[in-house]
Structure formats: structure tokens, C-alpha cells
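Structure data (compact mmCIF, C-alpha atoms and all ligand atoms) from run37.txt:
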# COMPACT_ATOMS: atom_id res chain seq x y z
CA MET O 5 94.91 135.57 102.07
CA LEU O 6 94.24 131.86 102.41
CA ALA O 7 97.08 129.49 101.52
CA ALA O 8 96.22 127.63 98.33
CA PRO O 9 94.69 124.23 99.08
CA ASP O 10 96.12 121.26 97.20
CA PRO O 11 93.33 120.00 94.91
CA SER O 12 94.66 116.44 94.97
CA ALA O 13 94.95 116.25 98.76
CA PRO O 14 92.30 114.60 100.94
CA ALA O 15 89.67 116.94 102.35
CA ILE O 16 90.72 116.14 105.91
CA GLU O 17 93.61 114.08 107.14
CA LEU O 18 94.58 113.26 110.72
CA ARG O 19 98.09 111.92 111.20
CA ASP O 20 98.70 110.15 114.50
CA VAL O 21 96.54 112.66 116.34
CA THR O 22 96.50 112.62 120.11
CA LYS O 23 94.40 114.86 122.31
CA SER O 24 94.75 114.90 126.07
CA TYR O 25 92.88 117.04 128.53
CA PRO O 26 94.79 118.06 131.63
CA GLY O 27 93.91 116.42 134.94
CA SER O 28 95.34 113.83 137.26
CA PRO O 29 95.50 111.56 135.48
CA PRO O 30 95.02 113.43 132.17
CA VAL O 31 92.14 112.28 129.96
CA VAL O 32 93.36 110.88 126.66
CA ALA O 33 90.41 111.67 124.40
CA LEU O 34 92.21 110.76 121.15
CA ASP O 35 95.00 108.24 121.16
CA GLY O 36 96.96 108.13 117.90
CA VAL O 37 94.22 108.51 115.28
CA SER O 38 95.23 108.48 111.61
CA VAL O 39 92.53 108.80 108.98
CA ARG O 40 92.02 110.34 105.55
CA ILE O 41 88.71 111.60 104.37
CA ASP O 42 88.60 112.33 100.67
CA ARG O 43 86.72 115.17 99.09
CA GLY O 44 83.09 114.40 98.59
CA GLU O 45 83.03 111.48 101.03
CA MET O 46 80.19 110.94 103.45
CA VAL O 47 81.34 109.32 106.67
CA ALA O 48 79.64 108.26 109.89
CA VAL O 49 81.56 108.36 113.17
CA VAL O 50 80.24 105.89 115.74
CA GLY O 51 81.31 104.79 119.19
CA GLN O 52 80.10 104.77 122.74
CA SER O 53 79.68 107.90 124.81
CA GLY O 54 83.04 109.30 125.90
CA SER O 55 84.98 107.47 123.19
CA GLY O 56 86.25 110.70 121.62
CA LYS O 57 83.83 111.33 118.74
CA SER O 58 83.14 114.99 119.49
CA THR O 59 86.83 115.63 120.16
CA MET O 60 87.71 114.10 116.80
CA LEU O 61 85.12 116.23 115.01
CA HIS O 62 86.36 119.40 116.71
CA VAL O 63 89.95 118.58 115.78
CA MET O 64 88.91 117.87 112.18
CA GLY O 65 87.23 121.24 112.03
CA THR O 66 90.21 123.02 113.65
CA LEU O 67 88.06 124.16 116.56
CA ASP O 68 90.46 122.33 118.80
CA GLN O 69 94.19 121.68 118.40
CA PRO O 70 95.67 118.22 118.84
CA THR O 71 98.17 117.63 121.64
CA SER O 72 100.39 115.84 119.14
CA GLY O 73 100.14 114.74 115.52
CA SER O 74 98.90 116.77 112.59
CA VAL O 75 95.64 117.85 111.06
CA LEU O 76 95.69 118.65 107.37
CA ILE O 77 92.81 120.47 105.75
CA GLU O 78 92.93 120.17 101.95
CA GLY O 79 96.60 119.32 102.28
CA ILE O 80 97.50 122.27 104.50
CA ASP O 81 98.91 121.48 107.92
CA SER O 82 96.69 123.43 110.31
CA SER O 83 99.54 123.87 112.80
CA VAL O 84 101.28 126.29 110.44
CA LEU O 85 98.22 128.52 110.15
CA SER O 86 97.58 131.52 112.37
CA ASP O 87 94.44 131.70 114.50
CA ASP O 88 93.03 134.28 112.08
CA HIS O 89 93.71 132.02 109.15
CA LEU O 90 92.08 129.06 110.91
CA ALA O 91 89.08 131.21 111.71
CA ALA O 92 88.87 132.09 108.03
CA VAL O 93 89.02 128.43 107.02
CA ARG O 94 86.24 127.62 109.46
CA GLY O 95 84.17 130.63 108.49
CA ARG O 96 84.35 129.93 104.78
CA ARG O 97 84.89 126.22 104.30
CA VAL O 98 83.39 124.41 107.30
CA GLY O 99 79.81 124.11 108.49
CA PHE O 100 79.40 122.76 112.03
CA VAL O 101 76.23 121.29 113.39
CA PHE O 102 76.82 121.17 117.11
CA GLN O 103 75.41 118.78 119.64
CA ARG O 104 74.11 121.67 121.68
CA PHE O 105 73.03 124.58 119.61
CA PHE O 106 71.67 127.72 121.16
CA LEU O 107 69.57 130.10 119.13
CA LEU O 108 69.39 133.75 120.11
CA ALA O 109 65.97 133.99 121.69
CA GLY O 110 65.29 137.62 120.87
CA ILE O 111 65.55 137.43 117.10
CA PRO O 112 63.62 135.53 114.44
CA ILE O 113 64.89 132.29 112.95
CA ILE O 114 65.84 133.96 109.68
CA ASP O 115 68.30 136.24 111.47
CA ASN O 116 69.67 133.45 113.63
CA VAL O 117 70.61 131.75 110.35
CA ALA O 118 71.65 134.95 108.54
CA ASN O 119 74.13 135.69 111.34
CA GLY O 120 76.14 132.75 110.04
CA LEU O 121 77.19 135.07 107.22
CA LEU O 122 78.41 137.94 109.39
CA TYR O 123 81.95 136.71 108.91
CA HIS O 124 81.60 137.13 105.15
CA GLY O 125 80.79 140.81 105.35
CA ALA O 126 77.58 140.43 103.33
CA ALA O 127 74.97 143.15 103.82
CA ARG O 128 71.83 142.27 105.77
CA PRO O 129 69.49 141.90 102.77
CA GLN O 130 71.89 139.43 101.17
CA ARG O 131 72.35 137.57 104.43
CA ARG O 132 68.60 137.29 104.82
CA ALA O 133 68.13 136.18 101.21
CA ALA O 134 70.67 133.39 101.71
CA ALA O 135 69.06 132.42 105.03
CA GLU O 136 65.65 132.28 103.39
CA LEU O 137 66.90 129.89 100.70
CA VAL O 138 68.54 127.53 103.15
CA LEU O 139 65.56 127.60 105.53
CA GLU O 140 63.33 126.62 102.62
CA ARG O 141 65.71 123.81 101.87
CA VAL O 142 65.43 122.41 105.41
CA GLY O 143 61.65 122.72 105.23
CA LEU O 144 61.27 125.75 107.46
CA GLY O 145 60.21 128.28 104.83
CA ASP O 146 57.02 128.90 106.76
CA ARG O 147 58.76 129.38 110.11
CA MET O 148 61.35 131.98 109.16
CA TRP O 149 59.84 134.81 111.14
CA HIS O 150 59.09 132.75 114.21
CA ARG O 151 61.10 133.12 117.39
CA PRO O 152 63.20 130.18 118.60
CA ASN O 153 60.84 129.43 121.52
CA GLU O 154 58.05 128.78 119.03
CA LEU O 155 59.83 125.83 117.43
CA SER O 156 59.77 122.11 118.21
CA GLY O 157 62.98 120.20 118.96
CA GLY O 158 63.13 118.85 115.41
CA GLU O 159 62.58 122.30 113.93
CA THR O 160 65.31 123.73 116.16
CA GLN O 161 67.68 121.05 114.94
CA ARG O 162 66.83 121.91 111.35
CA VAL O 163 67.63 125.56 112.12
CA ALA O 164 71.03 124.41 113.41
CA VAL O 165 71.57 122.61 110.10
CA ALA O 166 70.46 125.67 108.13
CA ARG O 167 72.83 127.82 110.12
CA ALA O 168 75.69 125.43 109.32
CA LEU O 169 74.88 125.52 105.61
CA VAL O 170 74.16 129.17 104.98
CA HIS O 171 77.70 129.94 103.81
CA GLU O 172 77.75 126.92 101.47
CA PRO O 173 80.59 125.09 103.21
CA ALA O 174 82.73 122.50 101.45
CA PHE O 175 82.79 120.40 104.65
CA VAL O 176 79.87 119.72 106.91
CA LEU O 177 80.78 118.33 110.33
CA ALA O 178 77.75 117.31 112.34
CA ASP O 179 77.75 116.12 115.94
CA GLU O 180 74.71 113.95 116.65
CA PRO O 181 72.46 116.04 114.38
CA THR O 182 69.58 113.62 114.91
CA GLY O 183 70.03 113.18 118.66
CA ASN O 184 66.69 113.38 120.48
CA LEU O 185 64.70 113.48 117.26
CA ASP O 186 61.90 111.15 116.25
CA SER O 187 62.71 108.76 113.44
CA ALA O 188 60.79 110.66 110.75
CA THR O 189 62.58 113.92 111.55
CA SER O 190 65.92 112.11 111.77
CA ALA O 191 65.31 110.59 108.36
CA SER O 192 64.53 113.98 106.85
CA ILE O 193 67.74 115.46 108.28
CA MET O 194 69.75 112.55 106.91
CA GLU O 195 68.09 113.01 103.50
CA LEU O 196 69.28 116.58 103.59
CA PHE O 197 72.85 115.50 104.34
CA LYS O 198 72.67 112.96 101.53
CA SER O 199 71.62 115.64 99.08
CA LEU O 200 74.53 117.81 100.24
CA HIS O 201 76.78 114.83 99.68
CA SER O 202 75.43 114.38 96.17
CA GLU O 203 76.38 118.01 95.51
CA GLY O 204 79.98 117.04 96.21
CA ARG O 205 80.33 118.28 99.76
CA THR O 206 82.36 116.33 102.29
CA ILE O 207 80.18 115.23 105.19
CA VAL O 208 81.17 113.76 108.56
CA VAL O 209 78.29 112.81 110.85
CA VAL O 210 78.71 111.62 114.42
CA THR O 211 75.77 109.43 115.31
CA HIS O 212 74.60 107.02 117.97
CA ASN O 213 72.03 105.66 115.57
CA GLU O 214 73.30 102.41 114.10
CA GLU O 215 70.70 102.37 111.39
CA ILE O 216 71.77 105.81 110.21
CA ALA O 217 75.45 104.87 110.35
CA ALA O 218 74.91 101.62 108.47
CA ALA O 219 73.24 103.51 105.64
CA LEU O 220 76.31 105.68 104.99
CA PRO O 221 79.14 104.71 102.63
CA ARG O 222 81.81 104.63 105.35
CA GLN O 223 81.89 104.25 109.12
CA LEU O 224 84.68 105.16 111.49
CA GLN O 225 84.27 103.23 114.72
CA ILE O 226 85.94 104.90 117.67
CA LEU O 227 86.81 103.06 120.86
CA ASP O 228 88.66 104.68 123.79
CA GLY O 229 90.08 107.42 121.58
CA ARG O 230 91.34 105.04 118.92
CA LEU O 231 90.09 104.34 115.42
CA GLU O 232 89.02 100.77 115.99
CA ARG O 233 87.54 100.04 112.57
CA ASP O 234 87.22 101.84 109.27
CA VAL O 235 84.36 100.15 107.43
CA ARG O 236 83.19 100.65 103.87
CA PRO O 237 80.31 98.19 103.68
CA ASN O 238 79.41 98.65 100.04
CA SER O 239 82.81 99.27 98.53
CA ARG O 240 83.76 97.07 95.65
P1 LIG D 1 82.10 111.47 122.75
O1 LIG D 1 81.73 112.61 121.86
O2 LIG D 1 82.44 110.21 122.00
O3 LIG D 1 81.06 111.22 123.79
P2 LIG D 1 84.16 113.27 123.75
O4 LIG D 1 85.06 113.53 122.60
O5 LIG D 1 83.17 114.31 124.09
O6 LIG D 1 83.44 111.85 123.53
O7 LIG D 1 85.02 112.98 125.03
C1 LIG D 1 86.10 112.07 125.06
C2 LIG D 1 86.70 112.05 126.46
O8 LIG D 1 87.32 113.29 126.73
C3 LIG D 1 85.68 111.83 127.56
O9 LIG D 1 86.30 111.06 128.57
C4 LIG D 1 85.40 113.22 128.05
O10 LIG D 1 85.01 113.21 129.40
C5 LIG D 1 86.74 113.90 127.86
N1 LIG D 1 86.61 115.34 127.58
C6 LIG D 1 85.98 115.90 126.53
N2 LIG D 1 86.09 117.24 126.56
C7 LIG D 1 86.83 117.54 127.66
C8 LIG D 1 87.30 118.74 128.26
N3 LIG D 1 87.04 119.93 127.70
N4 LIG D 1 88.04 118.65 129.40
C9 LIG D 1 88.31 117.45 129.94
N5 LIG D 1 87.90 116.28 129.45
C10 LIG D 1 87.17 116.30 128.31
MG MG D 2 80.02 113.77 121.78

Can I see the file as C-alpha cells?
Amino acid sequence: MLAAPDPSAPAIELRDVTKSYPGSPPVVALDGVSVRIDRGEMVAVVGQSGSGKSTMLHVMGTLDQPTSGSVLIEGIDSSVLSDDHLAAVRGRRVGFVFQRFFLLAGIPIIDNVANGLLYHGAARPQRRAAAELVLERVGLGDRMWHRPNELSGGETQRVAVARALVHEPAFVLADEPTGNLDSATSASIMELFKSLHSEGRTIVVVTHNEEIAAALPRQLQILDGRLERDVRPNSR
């Protein structure tokens, strides 16, 4: 059973999080990051390549453990949870859009997305029905039965988004979801995230695109593994 989340707690909180990768010298990817993201916020994470953005997103999503400091998800300290419990949190609450997303070549798009529900134990017809709905939402209703090699880069990225959304996650963590996309396709993906935000989901988007970041209600600027600035341009 999942521990009961605290409804008044932030969605995600990092407390003095450090992450080092072994080596000589070790790489300090995160260097004392503290940040709270409230439920229903939509946040951009920006910073130059190698600054620690992906590491921060992975730590926020409990895919990776910090070297020191704590990660709280809905008020629960992730370090007290078992691996099974963390997997359950990820499987039910978090939708990841990864920087590199590989579709299974041998099966149609609809099943690549429906597989995102395997964890939930839903039967195949229900998984496919849910996949169909979310593929329509990302504008791929007419591509569902295509194979991955028949899609453009932008379409593949939209499949990655659909896959992240099929289990209706409370948090969506996206790592450069518009990387390598033309501006029209990028805009349509960001519109999709904005509509998820308006439904009350918590969204964190890593992006290189300054225009995209500037359009979001909050920006976390990362420099050398540290939270350099926390900007809320339109806050009153
Ligand atoms: P960004 O997403 O901002 O480009 P990353 O979080 O991917 O940055 O990486 C931050 C730093 O940590 C970089 O110096 C990178 O080389 C290093 N790094 C990331 N992942 C690993 C890893 N698995 N092993 C060793 N070093 C890593
Ligand atoms: Mg990255």
C-alpha cells in the first residue's frame, strides 16, 4: 500500500540535494539544491548543457537517488520508501518524457503507448482504449496503427508524450520534450503541456528554448549544479 501523501505538502521538494557521480575527481552534478514545487505548478528548468538539469529531473522523479539531502514527494521522504514503493509512485503518479525515447519497432504506436499501463494490470482492451484517447489528444489519432519507423521526429516526440500521459499522472516531468523539433511542433507540444497544467497537473519541463521557458509561470535556472535563480516573471 502507498503511504498517504500529505495534501498540504508541496508536490515535490528537494532539500539541500547533492548528486555526485564517481570518478577522479567525482562529478558534482547537483550541488546543494533546495526547491519546492507546489501542486499544480508549471515550471521550466533552464541552464547550459551539463549544468545538471536532467539529473535534477531524475532525482525529482525518484529515478535516481541523491548522494545527500532529501527528496519529498507529496510530503513523503523518498529515502524511507522501498524500491517497490518508489516504483509504484513512479508508475502511478509520475509521467516522464525522456530526452531519448525509444519506441519498440515491432509493434504499432497504440501498443507502444498502451504498454505504459502494464504496471496497472489493466487488460489489453482497456490499455488500448486509454492509449487511443491519449493519442487522439496529442493529434496522432490517425497514426495509431502505424509502426514507429513510419513517423516523423515530431510525431515520435508526441508518442513519447502520449506514453507519459496514458496513466493520467499527477506529475509530468519532461526532459527537452521539444528538442530537435520545428517551432510549430514545439508550440503544439507546449500547448498540450499547458492544457495538462490547466487540469491541475504539476508540470516540470527542462528546455533549452528561452522563448518556451519565458512563457511559463516559473523558471528554475541551473548553473553548475546549483539553483542560480528562481524566477516568477508574472507573479504579483
Ligand atoms: P544537463 O541535463 O543539464 O545537460 P546532466 O544532469 O545530464 O546535465 O549532467 C550534469 C553533469 O553530470 C554533467 O557533467 C554530466 O557529464 C554528469 N553526468 C550525468 N550523468 C552521469 C553519469 N551517469 N555518470 C557520470 N557523470 C554523469
Ligand atoms: Mg539533459

Can you pull out every residue within 9 Å of region 27-33 of chain O, counting only C-alpha atoms, but drop anything in the same chain fewer than 5 positions away, and send it as a list in words?
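Here the qualifying residues turn out to be Thr22, Gly54, Ser55, Gly56, Lys57, Thr59, Met60, Asp228, Gly229 and Arg230 of chain O.
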
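Separating CA of Leu67 (chain O) from CA of Gln223 (chain O) is a distance of 22.1 Å.
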
Pick from O:Gly73, O:Ile114, O:Gly158, O:Ala217: nearest to Asp146 (chain O), with all atoms listed in the file counted?
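So, comparing all the options, the nearest one is O:Ile114.
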
Any idea what the distance is between atom O5 of ligand LIG 1 (chain D) and CA of Pro70 (chain O)?
14.1 Å

Wanna dump the chain O-ligand MG 2 (chain D) contacts at 10 Å for me, each residue with its shortest atom pair and the distance in Å to one decimal, counting only C-alpha atoms and all ligand atoms, ordered by chain and number, as CSV?
residue,atom,partner,partner_atom,distance
O:Val50,CA,D:MG2,MG,9.9
O:Gly51,CA,D:MG2,MG,9.4
O:Gln52,CA,D:MG2,MG,9.1
O:Ser53,CA,D:MG2,MG,6.6
O:Gly54,CA,D:MG2,MG,6.8
O:Ser55,CA,D:MG2,MG,8.1
O:Gly56,CA,D:MG2,MG,6.9
O:Lys57,CA,D:MG2,MG,5.5
O:Ser58,CA,D:MG2,MG,4.1
O:Thr59,CA,D:MG2,MG,7.2
O:Met60,CA,D:MG2,MG,9.2
O:Leu61,CA,D:MG2,MG,8.8
O:His62,CA,D:MG2,MG,9.9
O:Phe102,CA,D:MG2,MG,9.3
O:Gln103,CA,D:MG2,MG,7.1
O:Arg104,CA,D:MG2,MG,9.9
O:Asp179,CA,D:MG2,MG,6.7
O:Glu180,CA,D:MG2,MG,7.4
O:Val210,CA,D:MG2,MG,7.8
O:Thr211,CA,D:MG2,MG,8.9
O:His212,CA,D:MG2,MG,9.5

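What separates CA of Gly79 (chain O) from CA of Ala174 (chain O) is a distance of 14.3 Å.
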
If you count all atoms listed in the file, which residues fall within 9 Å of His150 (chain O), apart from same-chain ones fewer than 5 positions away, as a PDB file with C-alpha atoms, keeping the file's coordinate frame?
ATOM      1  CA  ILE O 111      65.550 137.430 117.100  1.00  0.00           C
ATOM      2  CA  PRO O 112      63.620 135.530 114.440  1.00  0.00           C
ATOM      3  CA  ILE O 113      64.890 132.290 112.950  1.00  0.00           C
ATOM      4  CA  ILE O 114      65.840 133.960 109.680  1.00  0.00           C
ATOM      5  CA  LEU O 155      59.830 125.830 117.430  1.00  0.00           C
TER       6      LEU O 155
END

Quick one: of O:Arg43, O:Lys23, O:Arg96, O:His124, who's nearest to Asp68 (chain O), counting all atoms listed in the file?
O:Lys23

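Near Pro9 (chain O), within a cut-off of 12 Å and counting all atoms listed in the file, sit the residues Met5, Leu6, Ser12, Ala13, Pro14, Ala15, Ile16, Leu76, Ile77, Glu78, Gly79, Ile80, Asp81, Ser82, Val93 and Arg97 of chain O, with same-chain residues fewer than 3 positions away left out.
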
Please, could you write that set of residues out with C-alpha atoms as a PDB file, in the frame of the given file?
ATOM      1  CA  MET O   5      94.910 135.570 102.070  1.00  0.00           C
ATOM      2  CA  LEU O   6      94.240 131.860 102.410  1.00  0.00           C
ATOM      3  CA  SER O  12      94.660 116.440  94.970  1.00  0.00           C
ATOM      4  CA  ALA O  13      94.950 116.250  98.760  1.00  0.00           C
ATOM      5  CA  PRO O  14      92.300 114.600 100.940  1.00  0.00           C
ATOM      6  CA  ALA O  15      89.670 116.940 102.350  1.00  0.00           C
ATOM      7  CA  ILE O  16      90.720 116.140 105.910  1.00  0.00           C
ATOM      8  CA  LEU O  76      95.690 118.650 107.370  1.00  0.00           C
ATOM      9  CA  ILE O  77      92.810 120.470 105.750  1.00  0.00           C
ATOM     10  CA  GLU O  78      92.930 120.170 101.950  1.00  0.00           C
ATOM     11  CA  GLY O  79      96.600 119.320 102.280  1.00  0.00           C
ATOM     12  CA  ILE O  80      97.500 122.270 104.500  1.00  0.00           C
ATOM     13  CA  ASP O  81      98.910 121.480 107.920  1.00  0.00           C
ATOM     14  CA  SER O  82      96.690 123.430 110.310  1.00  0.00           C
ATOM     15  CA  VAL O  93      89.020 128.430 107.020  1.00  0.00           C
ATOM     16  CA  ARG O  97      84.890 126.220 104.300  1.00  0.00           C
TER      17      ARG O  97
END

Shell of 7 Å around Leu169 (chain O), all atoms listed in the file, local chain residues under 4 positions omitted, as an mmCIF file with C-alpha atoms, keeping the file's coordinate frame:
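Final file, selection-v2.cif:
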data_model
loop_
_atom_site.group_PDB
_atom_site.id
_atom_site.type_symbol
_atom_site.label_atom_id
_atom_site.label_comp_id
_atom_site.auth_asym_id
_atom_site.auth_seq_id
_atom_site.Cartn_x
_atom_site.Cartn_y
_atom_site.Cartn_z
ATOM 1 C CA GLY O 99 79.810 124.110 108.490
ATOM 2 C CA VAL O 165 71.570 122.610 110.100
ATOM 3 C CA PRO O 173 80.590 125.090 103.210
#

Give me the residues within 12 Å of Arg236 (chain O) as a VMD selection string, counting only C-alpha atoms and dropping any in the same chain fewer than 2 places off.
chain O and resid 45 to 48 217 to 225 233 to 234 238 to 240

Option closest in space to Phe106 (chain O), from O:Thr160, O:Gly65, O:Asp88, O:Asp10 [counting only C-alpha atoms]
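Of O:Thr160, O:Gly65, O:Asp88, O:Asp10, the one nearest Phe106 (chain O), counting only C-alpha atoms, is O:Thr160.
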
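Minimum distance to Arg147 (chain O) across O:Glu203, O:Asp186, O:Glu232, O:Asp115 (counting all atoms listed in the file) occurs at O:Asp115.
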
Completed region 119-149 of chain O (N, CA and C atoms) as a PDB file, in the coordinates of the input:
ATOM      1  N   ASN O 119      72.925 135.309 110.582  1.00  0.00           N
ATOM      2  CA  ASN O 119      74.130 135.690 111.340  1.00  0.00           C
ATOM      3  C   ASN O 119      75.323 134.804 111.007  1.00  0.00           C
ATOM      4  N   GLY O 120      75.063 133.625 110.472  1.00  0.00           N
ATOM      5  CA  GLY O 120      76.140 132.750 110.040  1.00  0.00           C
ATOM      6  C   GLY O 120      76.974 133.352 108.918  1.00  0.00           C
ATOM      7  N   LEU O 121      76.462 134.409 108.317  1.00  0.00           N
ATOM      8  CA  LEU O 121      77.190 135.070 107.220  1.00  0.00           C
ATOM      9  C   LEU O 121      77.864 136.364 107.650  1.00  0.00           C
ATOM     10  N   LEU O 122      77.794 136.680 108.933  1.00  0.00           N
ATOM     11  CA  LEU O 122      78.410 137.940 109.390  1.00  0.00           C
ATOM     12  C   LEU O 122      79.887 137.972 109.043  1.00  0.00           C
ATOM     13  N   TYR O 123      80.517 136.796 109.171  1.00  0.00           N
ATOM     14  CA  TYR O 123      81.950 136.710 108.910  1.00  0.00           C
ATOM     15  C   TYR O 123      82.279 137.126 107.482  1.00  0.00           C
ATOM     16  N   HIS O 124      81.334 136.906 106.569  1.00  0.00           N
ATOM     17  CA  HIS O 124      81.600 137.130 105.150  1.00  0.00           C
ATOM     18  C   HIS O 124      81.419 138.578 104.736  1.00  0.00           C
ATOM     19  N   GLY O 125      80.934 139.389 105.660  1.00  0.00           N
ATOM     20  CA  GLY O 125      80.790 140.810 105.350  1.00  0.00           C
ATOM     21  C   GLY O 125      79.649 141.116 104.401  1.00  0.00           C
ATOM     22  N   ALA O 126      78.723 140.158 104.209  1.00  0.00           N
ATOM     23  CA  ALA O 126      77.580 140.430 103.330  1.00  0.00           C
ATOM     24  C   ALA O 126      76.625 141.390 104.036  1.00  0.00           C
ATOM     25  N   ALA O 127      75.947 142.218 103.250  1.00  0.00           N
ATOM     26  CA  ALA O 127      74.970 143.150 103.820  1.00  0.00           C
ATOM     27  C   ALA O 127      73.732 142.381 104.275  1.00  0.00           C
ATOM     28  N   ARG O 128      72.961 142.989 105.186  1.00  0.00           N
ATOM     29  CA  ARG O 128      71.830 142.270 105.770  1.00  0.00           C
ATOM     30  C   ARG O 128      70.835 141.727 104.752  1.00  0.00           C
ATOM     31  N   PRO O 129      70.452 142.493 103.720  1.00  0.00           N
ATOM     32  CA  PRO O 129      69.490 141.900 102.770  1.00  0.00           C
ATOM     33  C   PRO O 129      70.038 140.644 102.094  1.00  0.00           C
ATOM     34  N   GLN O 130      71.312 140.632 101.796  1.00  0.00           N
ATOM     35  CA  GLN O 130      71.890 139.430 101.170  1.00  0.00           C
ATOM     36  C   GLN O 130      71.965 138.281 102.163  1.00  0.00           C
ATOM     37  N   ARG O 131      72.298 138.627 103.413  1.00  0.00           N
ATOM     38  CA  ARG O 131      72.350 137.570 104.430  1.00  0.00           C
ATOM     39  C   ARG O 131      70.966 136.947 104.601  1.00  0.00           C
ATOM     40  N   ARG O 132      69.954 137.822 104.640  1.00  0.00           N
ATOM     41  CA  ARG O 132      68.600 137.290 104.820  1.00  0.00           C
ATOM     42  C   ARG O 132      68.153 136.476 103.611  1.00  0.00           C
ATOM     43  N   ALA O 133      68.525 136.920 102.422  1.00  0.00           N
ATOM     44  CA  ALA O 133      68.130 136.180 101.210  1.00  0.00           C
ATOM     45  C   ALA O 133      68.743 134.785 101.242  1.00  0.00           C
ATOM     46  N   ALA O 134      70.007 134.700 101.644  1.00  0.00           N
ATOM     47  CA  ALA O 134      70.670 133.390 101.710  1.00  0.00           C
ATOM     48  C   ALA O 134      70.030 132.534 102.791  1.00  0.00           C
ATOM     49  N   ALA O 135      69.695 133.152 103.929  1.00  0.00           N
ATOM     50  CA  ALA O 135      69.060 132.420 105.030  1.00  0.00           C
ATOM     51  C   ALA O 135      67.700 131.876 104.601  1.00  0.00           C
ATOM     52  N   GLU O 136      66.974 132.694 103.849  1.00  0.00           N
ATOM     53  CA  GLU O 136      65.650 132.280 103.390  1.00  0.00           C
ATOM     54  C   GLU O 136      65.759 131.038 102.505  1.00  0.00           C
ATOM     55  N   LEU O 137      66.718 131.035 101.602  1.00  0.00           N
ATOM     56  CA  LEU O 137      66.900 129.890 100.700  1.00  0.00           C
ATOM     57  C   LEU O 137      67.204 128.620 101.485  1.00  0.00           C
ATOM     58  N   VAL O 138      68.122 128.739 102.441  1.00  0.00           N
ATOM     59  CA  VAL O 138      68.540 127.530 103.150  1.00  0.00           C
ATOM     60  C   VAL O 138      67.444 127.074 104.119  1.00  0.00           C
ATOM     61  N   LEU O 139      66.682 127.999 104.673  1.00  0.00           N
ATOM     62  CA  LEU O 139      65.560 127.600 105.530  1.00  0.00           C
ATOM     63  C   LEU O 139      64.478 126.891 104.712  1.00  0.00           C
ATOM     64  N   GLU O 140      64.274 127.338 103.480  1.00  0.00           N
ATOM     65  CA  GLU O 140      63.330 126.620 102.620  1.00  0.00           C
ATOM     66  C   GLU O 140      63.851 125.214 102.368  1.00  0.00           C
ATOM     67  N   ARG O 141      65.131 125.120 102.167  1.00  0.00           N
ATOM     68  CA  ARG O 141      65.710 123.810 101.870  1.00  0.00           C
ATOM     69  C   ARG O 141      65.535 122.825 103.034  1.00  0.00           C
ATOM     70  N   VAL O 142      65.630 123.318 104.270  1.00  0.00           N
ATOM     71  CA  VAL O 142      65.430 122.410 105.410  1.00  0.00           C
ATOM     72  C   VAL O 142      63.957 122.303 105.813  1.00  0.00           C
ATOM     73  N   GLY O 143      63.088 122.874 105.002  1.00  0.00           N
ATOM     74  CA  GLY O 143      61.650 122.720 105.230  1.00  0.00           C
ATOM     75  C   GLY O 143      61.084 123.678 106.263  1.00  0.00           C
ATOM     76  N   LEU O 144      61.758 124.786 106.469  1.00  0.00           N
ATOM     77  CA  LEU O 144      61.270 125.750 107.460  1.00  0.00           C
ATOM     78  C   LEU O 144      60.903 127.097 106.822  1.00  0.00           C
ATOM     79  N   GLY O 145      60.578 127.038 105.528  1.00  0.00           N
ATOM     80  CA  GLY O 145      60.210 128.280 104.830  1.00  0.00           C
ATOM     81  C   GLY O 145      59.060 129.011 105.488  1.00  0.00           C
ATOM     82  N   ASP O 146      58.187 128.257 106.127  1.00  0.00           N
ATOM     83  CA  ASP O 146      57.020 128.900 106.760  1.00  0.00           C
ATOM     84  C   ASP O 146      57.253 129.256 108.221  1.00  0.00           C
ATOM     85  N   ARG O 147      58.472 129.074 108.700  1.00  0.00           N
ATOM     86  CA  ARG O 147      58.760 129.380 110.110  1.00  0.00           C
ATOM     87  C   ARG O 147      59.799 130.487 110.269  1.00  0.00           C
ATOM     88  N   MET O 148      60.197 131.061 109.145  1.00  0.00           N
ATOM     89  CA  MET O 148      61.350 131.980 109.160  1.00  0.00           C
ATOM     90  C   MET O 148      61.230 133.133 110.138  1.00  0.00           C
ATOM     91  N   TRP O 149      60.016 133.620 110.296  1.00  0.00           N
ATOM     92  CA  TRP O 149      59.840 134.810 111.140  1.00  0.00           C
ATOM     93  C   TRP O 149      59.418 134.458 112.551  1.00  0.00           C
TER      94      TRP O 149
END
